[in-house]
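Shown here: target.cif, mmCIF, C-alpha atoms.
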data_protein
#
loop_
_atom_site.label_atom_id
_atom_site.label_comp_id
_atom_site.auth_asym_id
_atom_site.auth_seq_id
_atom_site.Cartn_x
_atom_site.Cartn_y
_atom_site.Cartn_z
CA MET A 1 136.67 114.80 119.06
CA THR A 2 132.96 114.64 119.77
CA SER A 3 130.53 113.77 117.04
CA LEU A 4 127.85 116.23 116.04
CA PRO A 5 124.43 115.57 117.63
CA VAL A 6 122.85 116.03 114.20
CA LYS A 7 123.82 113.73 111.37
CA PRO A 8 123.40 114.58 107.66
CA ARG A 9 120.59 112.05 107.32
CA ASP A 10 118.64 114.02 109.96
CA ILE A 11 118.53 117.16 107.78
CA PRO A 12 115.27 116.29 105.95
CA ASN A 13 113.50 115.73 109.29
CA LEU A 14 114.87 119.01 110.66
CA ILE A 15 113.57 120.85 107.59
CA THR A 16 110.19 119.16 108.03
CA GLY A 17 110.17 120.20 111.70
CA LEU A 18 110.86 123.81 110.73
CA ARG A 19 108.00 123.62 108.23
CA ILE A 20 105.67 122.53 111.02
CA LEU A 21 106.83 125.53 113.07
CA LEU A 22 105.93 127.82 110.15
CA VAL A 23 102.27 126.74 110.24
CA ALA A 24 101.27 128.85 113.27
CA PRO A 25 102.76 132.18 112.08
CA PHE A 26 101.46 131.54 108.55
CA LEU A 27 97.91 131.02 109.82
CA TRP A 28 98.18 134.05 112.14
CA LEU A 29 99.25 136.26 109.24
CA LEU A 30 96.47 134.83 107.08
CA LEU A 31 93.76 135.43 109.67
CA LYS A 32 95.07 138.96 110.19
CA GLU A 33 94.82 139.35 106.39
CA HIS A 34 98.51 140.12 105.99
CA TYR A 35 98.45 138.30 102.68
CA GLY A 36 101.84 139.43 101.40
CA ALA A 37 103.73 138.11 104.44
CA ALA A 38 101.56 134.98 104.53
CA LEU A 39 102.43 134.33 100.89
CA VAL A 40 106.14 134.53 101.66
CA LEU A 41 105.83 131.91 104.43
CA PHE A 42 103.66 129.71 102.21
CA VAL A 43 106.28 129.78 99.45
CA VAL A 44 109.08 129.10 101.96
CA ALA A 45 107.11 126.11 103.26
CA GLY A 46 106.66 124.84 99.70
CA ILE A 47 110.36 125.19 98.93
CA SER A 48 111.28 123.39 102.18
CA ASP A 49 108.91 120.57 101.27
CA ALA A 50 110.59 120.14 97.89
CA LEU A 51 114.05 120.40 99.47
CA ASP A 52 113.58 117.79 102.17
CA GLY A 53 111.96 115.46 99.65
CA PHE A 54 114.91 115.87 97.28
CA LEU A 55 117.49 115.27 100.02
CA ALA A 56 115.66 112.21 101.33
CA LYS A 57 115.43 110.61 97.89
CA TYR A 58 118.74 111.70 96.35
CA TYR A 59 120.93 110.82 99.32
CA GLY A 60 118.75 108.05 100.71
CA TRP A 61 118.18 110.01 103.94
CA THR A 62 114.76 108.48 104.47
CA SER A 63 113.42 107.38 107.84
CA GLU A 64 110.23 106.10 109.41
CA LEU A 65 109.96 109.35 111.38
CA GLY A 66 110.27 111.38 108.19
CA GLY A 67 107.57 109.28 106.55
CA ILE A 68 105.25 110.26 109.40
CA LEU A 69 106.25 113.91 109.88
CA ASP A 70 106.24 114.96 106.22
CA PRO A 71 102.55 114.26 105.45
CA ILE A 72 101.60 115.69 108.87
CA ALA A 73 103.44 118.93 108.05
CA ASP A 74 101.79 119.13 104.64
CA LYS A 75 98.33 118.42 106.03
CA LEU A 76 98.66 120.93 108.90
CA LEU A 77 99.67 123.69 106.48
CA LEU A 78 97.10 122.90 103.80
CA LEU A 79 94.12 122.11 106.00
CA GLY A 80 94.90 125.09 108.24
CA ALA A 81 95.03 127.37 105.19
CA ILE A 82 91.72 126.04 103.86
CA LEU A 83 90.02 126.50 107.25
CA ALA A 84 91.43 130.03 107.59
CA LEU A 85 90.34 131.03 104.08
CA GLY A 86 86.91 129.58 104.79
CA TRP A 87 86.74 131.66 107.99
CA LEU A 88 87.67 134.75 105.97
CA HIS A 89 84.95 133.85 103.40
CA GLU A 90 87.58 133.57 100.67
CA LEU A 91 86.54 129.95 100.10
CA PRO A 92 82.93 128.72 100.03
CA GLY A 93 81.89 126.99 103.25
CA TRP A 94 80.61 123.94 101.40
CA LEU A 95 84.05 123.33 99.86
CA VAL A 96 85.73 123.59 103.27
CA MET A 97 83.24 121.06 104.68
CA LEU A 98 83.78 118.78 101.69
CA VAL A 99 87.55 118.78 102.26
CA LEU A 100 87.06 118.07 105.98
CA VAL A 101 84.65 115.20 105.32
CA ARG A 102 86.98 113.70 102.72
CA ASP A 103 89.98 113.85 105.06
CA ALA A 104 87.97 112.43 107.97
CA LEU A 105 86.76 109.62 105.69
CA ILE A 106 90.32 108.76 104.64
CA VAL A 107 91.72 108.85 108.18
CA GLY A 108 88.81 106.77 109.49
CA GLY A 109 89.13 104.33 106.60
CA ALA A 110 92.88 103.98 107.10
CA ILE A 111 92.46 103.26 110.81
CA GLY A 112 89.64 100.79 110.17
CA TYR A 113 91.61 99.04 107.44
CA HIS A 114 94.70 98.79 109.64
CA PHE A 115 92.92 97.23 112.60
CA LEU A 116 90.26 95.17 110.82
CA ILE A 117 91.80 94.08 107.51
CA ALA A 118 95.58 94.32 107.19
CA ARG A 119 98.58 96.47 108.09
CA PHE A 120 98.17 99.96 106.67
CA GLN A 121 100.91 101.37 104.45
CA ALA A 122 100.75 104.89 103.05
CA ALA A 123 100.68 104.87 99.25
CA PRO A 124 98.56 107.80 98.00
CA LEU A 125 96.52 107.28 94.87
CA MET A 126 97.34 109.45 91.86
CA ILE A 127 93.97 111.20 92.08
CA SER A 128 94.76 112.07 95.71
CA LYS A 129 98.10 113.60 94.68
CA LEU A 130 96.30 115.64 92.02
CA ASN A 131 93.74 116.78 94.59
CA THR A 132 96.49 117.90 96.97
CA LEU A 133 98.22 119.79 94.15
CA LEU A 134 94.97 121.56 93.22
CA GLN A 135 94.26 122.46 96.85
CA LEU A 136 97.76 123.93 97.20
CA THR A 137 97.35 125.86 93.95
CA LEU A 138 93.95 127.15 95.04
CA VAL A 139 95.37 128.43 98.35
CA LEU A 140 98.35 129.98 96.55
CA VAL A 141 96.14 131.75 94.00
CA ILE A 142 93.80 133.18 96.66
CA VAL A 143 96.66 134.45 98.84
CA ALA A 144 98.53 135.83 95.81
CA ASN A 145 95.32 137.48 94.60
CA HIS A 146 95.27 139.60 97.75
CA GLY A 147 98.98 139.76 98.47
CA ILE A 148 100.50 140.59 95.07
CA MET A 149 98.01 141.42 92.33
CA PRO A 150 94.39 140.71 91.39
CA LEU A 151 94.01 137.51 89.39
CA PRO A 152 91.22 136.63 86.93
CA THR A 153 87.97 135.51 88.53
CA TRP A 154 87.70 132.64 86.05
CA LEU A 155 90.98 131.20 87.35
CA LEU A 156 89.69 131.03 90.91
CA GLU A 157 86.33 129.59 89.81
CA THR A 158 88.05 126.95 87.65
CA LEU A 159 90.33 125.91 90.52
CA ILE A 160 87.37 125.67 92.90
CA GLY A 161 85.55 123.45 90.39
CA LEU A 162 88.56 121.19 89.79
CA THR A 163 89.31 120.97 93.52
CA THR A 164 85.70 120.01 94.22
CA LEU A 165 85.76 117.34 91.51
CA THR A 166 89.04 115.75 92.63
CA THR A 167 88.07 115.93 96.32
CA VAL A 168 84.94 113.89 95.67
CA TRP A 169 86.71 111.61 93.18
CA SER A 170 89.61 110.84 95.50
CA GLY A 171 87.28 110.16 98.43
CA VAL A 172 85.22 107.72 96.37
CA ALA A 173 88.41 106.13 94.97
CA TYR A 174 89.73 105.38 98.46
CA VAL A 175 86.43 103.88 99.60
CA TRP A 176 86.30 101.73 96.46
CA ARG A 177 89.93 100.60 96.81
CA TRP A 178 89.69 99.73 100.47
CA GLY A 179 86.35 98.01 99.97
CA HIS A 180 87.76 95.95 97.10
CA ASP A 181 90.86 94.96 99.12
CA ALA A 182 88.70 94.07 102.14
CA TRP A 183 86.49 91.87 99.94
CA ARG A 184 89.56 90.08 98.54
CA GLN A 185 90.99 89.58 102.02
CA HIS A 186 87.71 88.09 103.20
CA HIS A 187 87.15 85.79 100.22
CA HIS A 188 90.78 85.08 99.27
CA PRO A 189 92.88 85.55 102.42
CA SER A 190 95.83 83.70 100.89
CA ASP A 191 96.20 86.44 98.22
CA ARG A 192 97.18 89.05 100.85
CA PRO A 193 97.06 92.09 98.53
CA PRO A 194 99.26 94.99 99.64
CA PRO A 195 97.18 97.57 101.54
CA SER A 196 96.73 100.89 99.85
CA SER A 197 95.91 104.29 101.21
#
Target format structure tokens, applied to this file:
Amino acid sequence: MTSLPVKPRDIPNLITGLRILLVAPFLWLLLKEHYGAALVLFVVAGISDALDGFLAKYYGWTSELGGILDPIADKLLLLGAILALGWLHELPGWLVMLVLVRDALIVGGAIGYHFLIARFQAAPLMISKLNTLLQLTLVLVIVANHGIMPLPTWLLETLIGLTTLTTVWSGVAYVWRWGHDAWRQHHHPSDRPPPSS
């Protein structure tokens, strides 16, 4: 009896892979302004994200590959949605640029920290998690506003304001944290504080 090529512990990674495959059709639908269909794919992607996270934690089906693929899948979907909505003028251009600069700053800082200071380990700050949640909510509200029913203008404006605030805050928080850890490594190398992202 031959063993199955896919083991149960591979399921979260397979779900993550399928979520990555959803990014292209989701963005195509969004750019074609088929908001209802795009909303369905966005919700499916969100459910799959929650599902693979639950399976990985509950059953211990975690892996190094999953730790890499999951944030990539999330970032591709979210950043792609923000760029598309900016292209459609549903999001202000300055907010799109702010998100791009913040992400570039974090990626550049992570790479610099890894090669110049200490081994990099992903451990998102709480403000970064809040920022991601607000970005996801903002995308969901805009797509739902066109795809299901009109939503209050104040809701969109409030989400844009909160997203802007947490984007700046999280970017500054990372720079501060990495700078502080780098200073400690330089002046107290024996302390070896755990790297943060």
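Picked by the PyMOL selection byres ((chain A and resi 155-165) around 10) from the coordinates shown: Leu91, Pro92, Trp94, Leu95, Val96, Leu98, Val99, Leu130, Asn131, Thr132, Leu133, Leu134, Gln135, Leu136, Thr137, Leu138, Val139, Val141, Ile142, Asn145, Leu151, Pro152, Thr153, Trp154, Thr166, Thr167, Val168, Trp169 and Ser170 of chain A.
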With C-alpha atoms retained, write the just-selected residues as a short mmCIF file (atom, residue, chain, number, x, y, z; two decimals), in the coordinates of the input.
data_model
loop_
_atom_site.label_atom_id
_atom_site.label_comp_id
_atom_site.auth_asym_id
_atom_site.auth_seq_id
_atom_site.Cartn_x
_atom_site.Cartn_y
_atom_site.Cartn_z
CA LEU A 91 86.54 129.95 100.10
CA PRO A 92 82.93 128.72 100.03
CA TRP A 94 80.61 123.94 101.40
CA LEU A 95 84.05 123.33 99.86
CA VAL A 96 85.73 123.59 103.27
CA LEU A 98 83.78 118.78 101.69
CA VAL A 99 87.55 118.78 102.26
CA LEU A 130 96.30 115.64 92.02
CA ASN A 131 93.74 116.78 94.59
CA THR A 132 96.49 117.90 96.97
CA LEU A 133 98.22 119.79 94.15
CA LEU A 134 94.97 121.56 93.22
CA GLN A 135 94.26 122.46 96.85
CA LEU A 136 97.76 123.93 97.20
CA THR A 137 97.35 125.86 93.95
CA LEU A 138 93.95 127.15 95.04
CA VAL A 139 95.37 128.43 98.35
CA VAL A 141 96.14 131.75 94.00
CA ILE A 142 93.80 133.18 96.66
CA ASN A 145 95.32 137.48 94.60
CA LEU A 151 94.01 137.51 89.39
CA PRO A 152 91.22 136.63 86.93
CA THR A 153 87.97 135.51 88.53
CA TRP A 154 87.70 132.64 86.05
CA THR A 166 89.04 115.75 92.63
CA THR A 167 88.07 115.93 96.32
CA VAL A 168 84.94 113.89 95.67
CA TRP A 169 86.71 111.61 93.18
CA SER A 170 89.61 110.84 95.50
#
Practice item. Compile the contact shell of Ala81 (chain A) as a list of chain:residue names: residues with an atom at most 10 Å away, counting only C-alpha atoms, same-chain residues fewer than 6 positions apart removed. Key: A:Val23, A:Phe26, A:Leu27, A:Leu30, A:Leu31, A:Phe42, A:Lys75, A:Trp87, A:Gln135, A:Leu136, A:Val139, A:Leu140, A:Val143
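In this model, the gap between CA of Leu21 (chain A) and CA of Trp61 (chain A) comes to 21.3 Å.
Once the PyMOL selection byres ((chain A and resi 51-54) around 9) is applied to the depicted file, the selected set reads Ile11, Pro12, Asn13, Leu14, Ile15, Thr16, Gly46, Ile47, Ser48, Asp49, Ala50, Leu55, Ala56, Lys57, Tyr58, Tyr59, Thr62 and Asp70 of chain A.
CA of Trp176 (chain A) is found 26.0 Å from CA of Leu76 (chain A).
CA of Val107 (chain A) sits 18.5 Å away from CA of Leu65 (chain A).
The residues that lie within 12 Å of the point (106.5, 132.5, 111.5), counting all atoms listed in the file, are Leu18, Arg19, Ile20, Leu21, Leu22, Val23, Ala24, Pro25, Phe26, Leu27, Trp28, Leu29, Leu30, Ala37, Ala38, Leu39, Val40, Leu41, Phe42, Val44 and Ala45 of chain A.
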**Study point:** Residue list as JSON, numbers by chain for point (98.1, 110.2, 100.1), cut-off 12 Å, only C-alpha atoms
**Key:** {"A": [67, 68, 70, 71, 72, 74, 75, 102, 103, 106, 107, 110, 121, 122, 123, 124, 125, 126, 127, 128, 129, 130, 131, 132, 133, 170, 171, 173, 174, 196, 197]}
Point to revise | Nearest candidate to Arg9 (chain A) (options A:Val43, A:Lys32, A:Ser63, A:Leu83; using all atoms listed in the file) | key: A:Ser63
How would region 137-167 of chain A read, as a PDB file, in the coordinates of the input, once N, CA and C atoms are built in?
ATOM      1  N   THR A 137      97.418 124.809  94.962  1.00  0.00           N
ATOM      2  CA  THR A 137      97.350 125.860  93.950  1.00  0.00           C
ATOM      3  C   THR A 137      96.235 126.838  94.250  1.00  0.00           C
ATOM      4  N   LEU A 138      95.097 126.306  94.702  1.00  0.00           N
ATOM      5  CA  LEU A 138      93.950 127.150  95.040  1.00  0.00           C
ATOM      6  C   LEU A 138      94.314 128.110  96.180  1.00  0.00           C
ATOM      7  N   VAL A 139      94.949 127.589  97.229  1.00  0.00           N
ATOM      8  CA  VAL A 139      95.370 128.430  98.350  1.00  0.00           C
ATOM      9  C   VAL A 139      96.365 129.488  97.866  1.00  0.00           C
ATOM     10  N   LEU A 140      97.330 129.059  97.067  1.00  0.00           N
ATOM     11  CA  LEU A 140      98.350 129.980  96.550  1.00  0.00           C
ATOM     12  C   LEU A 140      97.729 131.100  95.732  1.00  0.00           C
ATOM     13  N   VAL A 141      96.787 130.751  94.870  1.00  0.00           N
ATOM     14  CA  VAL A 141      96.140 131.750  94.000  1.00  0.00           C
ATOM     15  C   VAL A 141      95.335 132.755  94.834  1.00  0.00           C
ATOM     16  N   ILE A 142      94.604 132.269  95.838  1.00  0.00           N
ATOM     17  CA  ILE A 142      93.800 133.180  96.660  1.00  0.00           C
ATOM     18  C   ILE A 142      94.692 134.141  97.439  1.00  0.00           C
ATOM     19  N   VAL A 143      95.754 133.607  98.059  1.00  0.00           N
ATOM     20  CA  VAL A 143      96.660 134.450  98.840  1.00  0.00           C
ATOM     21  C   VAL A 143      97.387 135.439  97.924  1.00  0.00           C
ATOM     22  N   ALA A 144      97.839 134.951  96.764  1.00  0.00           N
ATOM     23  CA  ALA A 144      98.530 135.830  95.810  1.00  0.00           C
ATOM     24  C   ALA A 144      97.580 136.895  95.268  1.00  0.00           C
ATOM     25  N   ASN A 145      96.317 136.550  95.105  1.00  0.00           N
ATOM     26  CA  ASN A 145      95.320 137.480  94.600  1.00  0.00           C
ATOM     27  C   ASN A 145      95.195 138.715  95.502  1.00  0.00           C
ATOM     28  N   HIS A 146      95.352 138.490  96.805  1.00  0.00           N
ATOM     29  CA  HIS A 146      95.270 139.600  97.750  1.00  0.00           C
ATOM     30  C   HIS A 146      96.641 140.177  98.081  1.00  0.00           C
ATOM     31  N   GLY A 147      97.669 139.335  98.022  1.00  0.00           N
ATOM     32  CA  GLY A 147      98.980 139.760  98.470  1.00  0.00           C
ATOM     33  C   GLY A 147      99.866 140.391  97.411  1.00  0.00           C
ATOM     34  N   ILE A 148      99.629 140.076  96.132  1.00  0.00           N
ATOM     35  CA  ILE A 148     100.500 140.590  95.070  1.00  0.00           C
ATOM     36  C   ILE A 148      99.709 141.411  94.056  1.00  0.00           C
ATOM     37  N   MET A 149      98.792 140.749  93.368  1.00  0.00           N
ATOM     38  CA  MET A 149      98.010 141.420  92.330  1.00  0.00           C
ATOM     39  C   MET A 149      96.726 140.654  92.082  1.00  0.00           C
ATOM     40  N   PRO A 150      95.665 141.368  91.679  1.00  0.00           N
ATOM     41  CA  PRO A 150      94.390 140.710  91.390  1.00  0.00           C
ATOM     42  C   PRO A 150      94.541 139.718  90.241  1.00  0.00           C
ATOM     43  N   LEU A 151      93.966 138.544  90.418  1.00  0.00           N
ATOM     44  CA  LEU A 151      94.010 137.510  89.390  1.00  0.00           C
ATOM     45  C   LEU A 151      92.615 137.326  88.802  1.00  0.00           C
ATOM     46  N   PRO A 152      92.527 136.788  87.580  1.00  0.00           N
ATOM     47  CA  PRO A 152      91.220 136.630  86.930  1.00  0.00           C
ATOM     48  C   PRO A 152      90.241 135.793  87.744  1.00  0.00           C
ATOM     49  N   THR A 153      88.997 136.230  87.787  1.00  0.00           N
ATOM     50  CA  THR A 153      87.970 135.510  88.530  1.00  0.00           C
ATOM     51  C   THR A 153      87.780 134.097  87.985  1.00  0.00           C
ATOM     52  N   TRP A 154      87.906 133.946  86.659  1.00  0.00           N
ATOM     53  CA  TRP A 154      87.700 132.640  86.050  1.00  0.00           C
ATOM     54  C   TRP A 154      88.738 131.615  86.541  1.00  0.00           C
ATOM     55  N   LEU A 155      89.935 132.105  86.864  1.00  0.00           N
ATOM     56  CA  LEU A 155      90.980 131.200  87.350  1.00  0.00           C
ATOM     57  C   LEU A 155      90.598 130.618  88.698  1.00  0.00           C
ATOM     58  N   LEU A 156      90.115 131.492  89.586  1.00  0.00           N
ATOM     59  CA  LEU A 156      89.690 131.030  90.910  1.00  0.00           C
ATOM     60  C   LEU A 156      88.503 130.079  90.799  1.00  0.00           C
ATOM     61  N   GLU A 157      87.526 130.433  89.963  1.00  0.00           N
ATOM     62  CA  GLU A 157      86.330 129.590  89.810  1.00  0.00           C
ATOM     63  C   GLU A 157      86.690 128.224  89.217  1.00  0.00           C
ATOM     64  N   THR A 158      87.612 128.223  88.255  1.00  0.00           N
ATOM     65  CA  THR A 158      88.050 126.950  87.650  1.00  0.00           C
ATOM     66  C   THR A 158      88.748 126.075  88.675  1.00  0.00           C
ATOM     67  N   LEU A 159      89.618 126.678  89.486  1.00  0.00           N
ATOM     68  CA  LEU A 159      90.330 125.910  90.520  1.00  0.00           C
ATOM     69  C   LEU A 159      89.374 125.361  91.571  1.00  0.00           C
ATOM     70  N   ILE A 160      88.367 126.146  91.942  1.00  0.00           N
ATOM     71  CA  ILE A 160      87.370 125.670  92.900  1.00  0.00           C
ATOM     72  C   ILE A 160      86.625 124.473  92.327  1.00  0.00           C
ATOM     73  N   GLY A 161      86.253 124.564  91.038  1.00  0.00           N
ATOM     74  CA  GLY A 161      85.550 123.450  90.390  1.00  0.00           C
ATOM     75  C   GLY A 161      86.401 122.195  90.317  1.00  0.00           C
ATOM     76  N   LEU A 162      87.661 122.343  89.902  1.00  0.00           N
ATOM     77  CA  LEU A 162      88.560 121.190  89.790  1.00  0.00           C
ATOM     78  C   LEU A 162      88.878 120.594  91.159  1.00  0.00           C
ATOM     79  N   THR A 163      89.047 121.455  92.159  1.00  0.00           N
ATOM     80  CA  THR A 163      89.310 120.970  93.520  1.00  0.00           C
ATOM     81  C   THR A 163      88.121 120.190  94.059  1.00  0.00           C
ATOM     82  N   THR A 164      86.920 120.707  93.794  1.00  0.00           N
ATOM     83  CA  THR A 164      85.700 120.010  94.220  1.00  0.00           C
ATOM     84  C   THR A 164      85.620 118.638  93.561  1.00  0.00           C
ATOM     85  N   LEU A 165      85.842 118.589  92.260  1.00  0.00           N
ATOM     86  CA  LEU A 165      85.760 117.340  91.510  1.00  0.00           C
ATOM     87  C   LEU A 165      86.746 116.302  92.032  1.00  0.00           C
ATOM     88  N   THR A 166      88.014 116.712  92.204  1.00  0.00           N
ATOM     89  CA  THR A 166      89.040 115.750  92.630  1.00  0.00           C
ATOM     90  C   THR A 166      88.888 115.371  94.103  1.00  0.00           C
ATOM     91  N   THR A 167      88.317 116.265  94.906  1.00  0.00           N
ATOM     92  CA  THR A 167      88.070 115.930  96.320  1.00  0.00           C
ATOM     93  C   THR A 167      87.057 114.801  96.415  1.00  0.00           C
TER      94      THR A 167
END
